[in-house]
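Pasted below: structure06.cif, mmCIF, C-alpha atoms.
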data_coords
loop_
_atom_site.label_atom_id
_atom_site.label_comp_id
_atom_site.auth_asym_id
_atom_site.auth_seq_id
_atom_site.Cartn_x
_atom_site.Cartn_y
_atom_site.Cartn_z
CA MET X 1 5.44 5.50 -0.53
CA ASP X 2 3.51 2.60 -1.96
CA ASP X 3 0.10 3.70 -0.67
CA ASP X 4 0.28 6.86 -2.76
CA GLN X 5 0.25 5.05 -6.09
CA GLY X 6 -2.01 6.88 -8.50
CA ASP X 7 -2.73 9.86 -6.25
CA SER X 8 -1.89 13.36 -7.36
CA ARG X 9 0.73 15.28 -5.46
CA GLU X 10 -1.86 17.81 -4.39
CA GLU X 11 -4.25 15.18 -3.05
CA ARG X 12 -1.42 13.54 -1.12
CA MET X 13 -0.22 16.87 0.31
CA PHE X 14 -3.70 17.90 1.48
CA ARG X 15 -4.37 14.44 2.90
CA MET X 16 -1.12 14.55 4.86
CA TRP X 17 -1.90 18.09 6.09
CA ILE X 18 -5.33 17.02 7.36
CA ASN X 19 -3.82 13.98 9.08
CA SER X 20 -1.17 16.21 10.71
CA LEU X 21 -3.79 18.42 12.38
CA GLY X 22 -4.24 15.88 15.18
CA ILE X 23 -8.02 15.67 15.02
CA ASP X 24 -9.27 12.82 17.21
CA ASP X 25 -10.60 9.76 15.36
CA LEU X 26 -9.84 11.27 11.95
CA PHE X 27 -7.47 9.74 9.43
CA VAL X 28 -7.90 10.43 5.74
CA ASN X 29 -6.90 7.62 3.39
CA SER X 30 -8.44 9.05 0.23
CA LEU X 31 -9.22 12.75 0.17
CA TYR X 32 -11.91 12.46 -2.49
CA GLN X 33 -13.73 9.49 -0.96
CA ASP X 34 -13.38 10.48 2.70
CA CYS X 35 -14.73 14.01 2.11
CA ARG X 36 -17.86 12.87 0.26
CA ASP X 37 -20.09 12.99 3.36
CA GLY X 38 -18.85 16.44 4.39
CA LEU X 39 -17.90 15.39 7.91
CA VAL X 40 -14.15 15.49 7.30
CA LEU X 41 -14.37 19.02 5.90
CA LEU X 42 -16.55 20.14 8.80
CA ARG X 43 -14.19 18.65 11.38
CA VAL X 44 -11.20 20.32 9.70
CA LEU X 45 -13.07 23.64 9.54
CA ASP X 46 -13.84 23.35 13.25
CA LYS X 47 -10.18 22.61 14.01
CA VAL X 48 -8.90 25.51 11.93
CA GLU X 49 -11.53 27.99 13.16
CA PRO X 50 -12.86 26.63 16.48
CA GLY X 51 -16.57 27.17 17.03
CA ILE X 52 -17.45 27.98 13.42
CA VAL X 53 -19.39 24.74 12.96
CA SER X 54 -22.80 24.59 14.56
CA TRP X 55 -22.93 20.84 15.12
CA SER X 56 -26.71 20.93 15.58
CA LYS X 57 -26.95 21.67 11.83
CA VAL X 58 -24.75 18.71 10.89
CA GLU X 59 -25.94 15.23 9.98
CA THR X 60 -23.45 13.23 12.05
CA ASN X 61 -24.58 9.93 10.54
CA PRO X 62 -25.35 10.76 6.91
CA ASN X 63 -26.84 7.54 5.59
CA ASN X 64 -28.10 8.84 2.26
CA LYS X 65 -26.97 11.11 -0.53
CA PHE X 66 -29.19 14.04 0.51
CA LYS X 67 -27.77 14.19 4.04
CA LYS X 68 -24.23 14.00 2.65
CA ILE X 69 -24.95 16.85 0.25
CA ALA X 70 -26.47 18.89 3.10
CA ASN X 71 -23.22 18.50 5.07
CA CYS X 72 -21.14 19.43 2.03
CA ASN X 73 -23.34 22.47 1.35
CA TYR X 74 -22.88 23.55 4.96
CA ALA X 75 -19.09 23.22 4.58
CA VAL X 76 -19.25 25.44 1.48
CA VAL X 77 -21.34 28.02 3.37
CA LEU X 78 -18.76 28.07 6.17
CA GLY X 79 -15.97 28.41 3.62
CA LYS X 80 -17.70 31.45 2.18
CA GLN X 81 -17.97 32.90 5.71
CA LEU X 82 -14.19 32.59 5.90
CA LYS X 83 -13.98 34.55 2.61
CA PHE X 84 -12.89 31.59 0.49
CA SER X 85 -13.44 31.96 -3.24
CA LEU X 86 -15.91 29.14 -3.89
CA VAL X 87 -17.57 30.32 -7.06
CA GLY X 88 -19.35 27.44 -8.76
CA ILE X 89 -18.69 24.94 -5.96
CA GLN X 90 -21.72 23.25 -4.41
CA GLY X 91 -22.11 20.42 -1.96
CA GLY X 92 -23.14 18.06 -4.74
CA ASP X 93 -19.79 18.63 -6.46
CA ILE X 94 -17.95 17.46 -3.36
CA GLU X 95 -20.31 14.54 -2.72
CA ASP X 96 -20.15 13.04 -6.21
CA ALA X 97 -16.35 13.55 -6.46
CA LYS X 98 -16.54 13.76 -10.26
CA ASN X 99 -14.45 16.93 -10.46
CA PRO X 100 -11.63 16.58 -7.93
CA LYS X 101 -10.29 20.07 -8.72
CA LEU X 102 -13.23 21.63 -6.88
CA LEU X 103 -12.42 19.77 -3.67
CA LEU X 104 -8.72 20.53 -4.10
CA ALA X 105 -9.56 24.25 -4.47
CA PHE X 106 -11.63 24.17 -1.26
CA VAL X 107 -8.98 22.32 0.77
CA TRP X 108 -6.21 24.55 -0.62
CA GLN X 109 -7.97 27.64 0.66
CA LEU X 110 -8.59 25.94 3.99
CA MET X 111 -4.92 25.07 4.32
CA ARG X 112 -3.88 28.59 3.29
CA TYR X 113 -6.27 30.09 5.87
CA HIS X 114 -4.83 27.83 8.57
CA THR X 115 -1.25 28.73 7.62
CA PHE X 116 -1.90 32.48 7.66
CA LYS X 117 -3.73 32.20 10.98
CA PHE X 118 -0.85 30.21 12.46
CA LEU X 119 1.74 32.72 11.23
CA ALA X 120 -0.29 35.62 12.64
CA GLU X 121 -0.35 33.90 16.05
CA VAL X 122 3.41 33.33 15.92
CA GLN X 123 3.98 36.96 14.99
CA LYS X 124 1.83 38.08 17.90
CA LYS X 125 3.81 36.00 20.36
CA LYS X 126 7.20 36.95 19.02
CA LYS X 127 8.08 39.70 16.60
CA PHE X 128 10.36 38.39 13.87
CA GLY X 129 13.93 39.49 14.44
CA GLY X 130 13.10 40.69 17.94
CA LYS X 131 13.10 39.17 21.39
CA ALA X 132 10.20 37.27 22.89
#
The structure given in the file should be rewritten as structure tokens.
Amino acid sequence: MDDDQGDSREERMFRMWINSLGIDDLFVNSLYQDCRDGLVLLRVLDKVEPGIVSWSKVETNPNNKFKKIANCNYAVVLGKQLKFSLVGIQGGDIEDAKNPKLLLAFVWQLMRYHTFKFLAEVQKKKKFGGKA
């Protein structure tokens, strides 16, 4: 794929996972740049765990750095509520995108949470090796 030139495999995988979630009006072209305002992370969190995001606390049109950092901080708080290990990760780290590993760590845990939740739902509906 030509559009993936220069991207890491992890960034590409997480970007494709987010795009596969089917969130309305959301398409991620660059994980690091598109997550800087926190809205992408918040929308993914709300898709993975419906109702976790209190949208009244979210700056839906973050037009300055402080509002973007507030959204990113809120995403980190919600991640901690979901028992993600986010030691040393702050909203400013996501907003400035200087250390991409921190964002990759956050999104990895989000994807892992979603996968485990999905598998638990499948197991509830149909026991493996048994009949539906």
Using all atoms listed in the file, I'd like a table of the residues in region 25-67 of chain X that come within 8 Å of region 77-101 of chain X; for each, show the closest atom pair and its distance in Å rounded to one decimal, ordered by chain and ascending number, as a Markdown table.
| residue | atom | partner | partner_atom | distance |
| --- | --- | --- | --- | --- |
| X:Tyr32 | CA | X:Ala97 | CA | 6.1 |
| X:Gln33 | CA | X:Ala97 | CA | 7.3 |
| X:Cys35 | CA | X:Ile94 | CA | 7.2 |
| X:Arg36 | CA | X:Glu95 | CA | 4.2 |
| X:Asp37 | CA | X:Glu95 | CA | 6.3 |
| X:Gly38 | CA | X:Glu95 | CA | 7.5 |
| X:Leu45 | CA | X:Leu78 | CA | 8.0 |
| X:Ile52 | CA | X:Leu78 | CA | 7.4 |
| X:Val53 | CA | X:Leu78 | CA | 7.6 |
| X:Lys65 | CA | X:Glu95 | CA | 7.8 |
Create the file for the chosen residues now, containing C-alpha atoms and written as a short mmCIF file (atom, residue, chain, number, x, y, z; two decimals), keeping the file's coordinate frame.
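The resulting file, result05.cif, is shown below:
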data_model
loop_
_atom_site.label_atom_id
_atom_site.label_comp_id
_atom_site.auth_asym_id
_atom_site.auth_seq_id
_atom_site.Cartn_x
_atom_site.Cartn_y
_atom_site.Cartn_z
CA TYR X 32 -11.91 12.46 -2.49
CA GLN X 33 -13.73 9.49 -0.96
CA CYS X 35 -14.73 14.01 2.11
CA ARG X 36 -17.86 12.87 0.26
CA ASP X 37 -20.09 12.99 3.36
CA GLY X 38 -18.85 16.44 4.39
CA LEU X 45 -13.07 23.64 9.54
CA ILE X 52 -17.45 27.98 13.42
CA VAL X 53 -19.39 24.74 12.96
CA LYS X 65 -26.97 11.11 -0.53
#
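Going from CA of Asn63 (chain X) to CA of Leu103 (chain X) covers 21.1 Å.
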Quick one, how far is CA of Leu119 (chain X) from CA of Val48 (chain X)?
12.9 Å
Please expand the PyMOL selection byres ((chain X and resi 31) around 8) into the concrete residues it hits in this file, giving the result as an MDAnalysis selection string.
chainID X and resid 11:12 14:15 28:30 32:35
Where's the centre, and what are the edge lengths in Å to one decimal, of a box along x, y and z enclosing all listed atoms of region 39-49 of chain X padded 6 Å per side, as lines of an AutoDock Vina configuration file?
center_x = -13.4
center_y = 21.7
center_z = 10.0
size_x = 21.0
size_y = 24.6
size_z = 20.1
Which residue out of X:Glu59, X:Cys72, X:Ser20, X:Glu49 has the minimum interatomic distance to Lys117 (chain X) when only C-alpha atoms are used?
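Counting only C-alpha atoms, the residue closest to Lys117 (chain X) is X:Glu49.
When CA of Lys67 (chain X) is paired with CA of Ser54 (chain X), their separation reads 15.6 Å.
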Write region 87-110 of chain X as a short mmCIF file (atom, residue, chain, number, x, y, z; two decimals), in the frame of the given file, completed to N, CA and C atoms.
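And here's part_20.cif as it stands now:
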data_model
loop_
_atom_site.label_atom_id
_atom_site.label_comp_id
_atom_site.auth_asym_id
_atom_site.auth_seq_id
_atom_site.Cartn_x
_atom_site.Cartn_y
_atom_site.Cartn_z
N VAL X 87 -16.64 30.07 -5.98
CA VAL X 87 -17.57 30.32 -7.06
C VAL X 87 -17.77 29.02 -7.84
N GLY X 88 -19.02 28.63 -7.99
CA GLY X 88 -19.35 27.44 -8.76
C GLY X 88 -19.16 26.12 -8.03
N ILE X 89 -18.85 26.18 -6.74
CA ILE X 89 -18.69 24.94 -5.96
C ILE X 89 -19.92 24.76 -5.09
N GLN X 90 -20.54 23.60 -5.22
CA GLN X 90 -21.72 23.25 -4.41
C GLN X 90 -21.43 21.94 -3.68
N GLY X 91 -22.26 21.65 -2.72
CA GLY X 91 -22.11 20.42 -1.96
C GLY X 91 -22.17 19.18 -2.83
N GLY X 92 -23.02 19.21 -3.84
CA GLY X 92 -23.14 18.06 -4.74
C GLY X 92 -21.85 17.78 -5.50
N ASP X 93 -21.07 18.82 -5.78
CA ASP X 93 -19.79 18.63 -6.46
C ASP X 93 -18.80 17.88 -5.59
N ILE X 94 -18.84 18.14 -4.30
CA ILE X 94 -17.95 17.46 -3.36
C ILE X 94 -18.44 16.03 -3.14
N GLU X 95 -19.75 15.86 -3.00
CA GLU X 95 -20.31 14.54 -2.72
C GLU X 95 -20.10 13.56 -3.87
N ASP X 96 -20.28 14.00 -5.11
CA ASP X 96 -20.15 13.04 -6.21
C ASP X 96 -18.70 12.83 -6.64
N ALA X 97 -17.78 13.69 -6.23
CA ALA X 97 -16.35 13.55 -6.46
C ALA X 97 -16.00 13.37 -7.94
N LYS X 98 -16.82 13.90 -8.82
CA LYS X 98 -16.54 13.76 -10.26
C LYS X 98 -15.49 14.76 -10.73
N ASN X 99 -15.45 15.93 -10.10
CA ASN X 99 -14.45 16.93 -10.46
C ASN X 99 -13.56 17.19 -9.24
N PRO X 100 -12.48 16.45 -9.12
CA PRO X 100 -11.63 16.58 -7.93
C PRO X 100 -11.01 17.96 -7.75
N LYS X 101 -10.90 18.74 -8.83
CA LYS X 101 -10.29 20.07 -8.72
C LYS X 101 -11.09 20.98 -7.80
N LEU X 102 -12.41 20.78 -7.74
CA LEU X 102 -13.23 21.63 -6.88
C LEU X 102 -12.93 21.36 -5.41
N LEU X 103 -12.78 20.11 -5.05
CA LEU X 103 -12.42 19.77 -3.67
C LEU X 103 -11.00 20.25 -3.36
N LEU X 104 -10.09 20.07 -4.31
CA LEU X 104 -8.72 20.53 -4.10
C LEU X 104 -8.68 22.05 -3.88
N ALA X 105 -9.50 22.79 -4.63
CA ALA X 105 -9.56 24.25 -4.47
C ALA X 105 -10.06 24.62 -3.07
N PHE X 106 -11.08 23.91 -2.60
CA PHE X 106 -11.63 24.17 -1.26
C PHE X 106 -10.57 23.89 -0.19
N VAL X 107 -9.95 22.72 -0.26
CA VAL X 107 -8.98 22.32 0.77
C VAL X 107 -7.74 23.21 0.70
N TRP X 108 -7.35 23.64 -0.50
CA TRP X 108 -6.21 24.55 -0.62
C TRP X 108 -6.47 25.84 0.14
N GLN X 109 -7.64 26.39 -0.03
CA GLN X 109 -7.97 27.64 0.66
C GLN X 109 -8.06 27.43 2.17
N LEU X 110 -8.53 26.28 2.57
CA LEU X 110 -8.59 25.94 3.99
C LEU X 110 -7.19 25.83 4.58
#
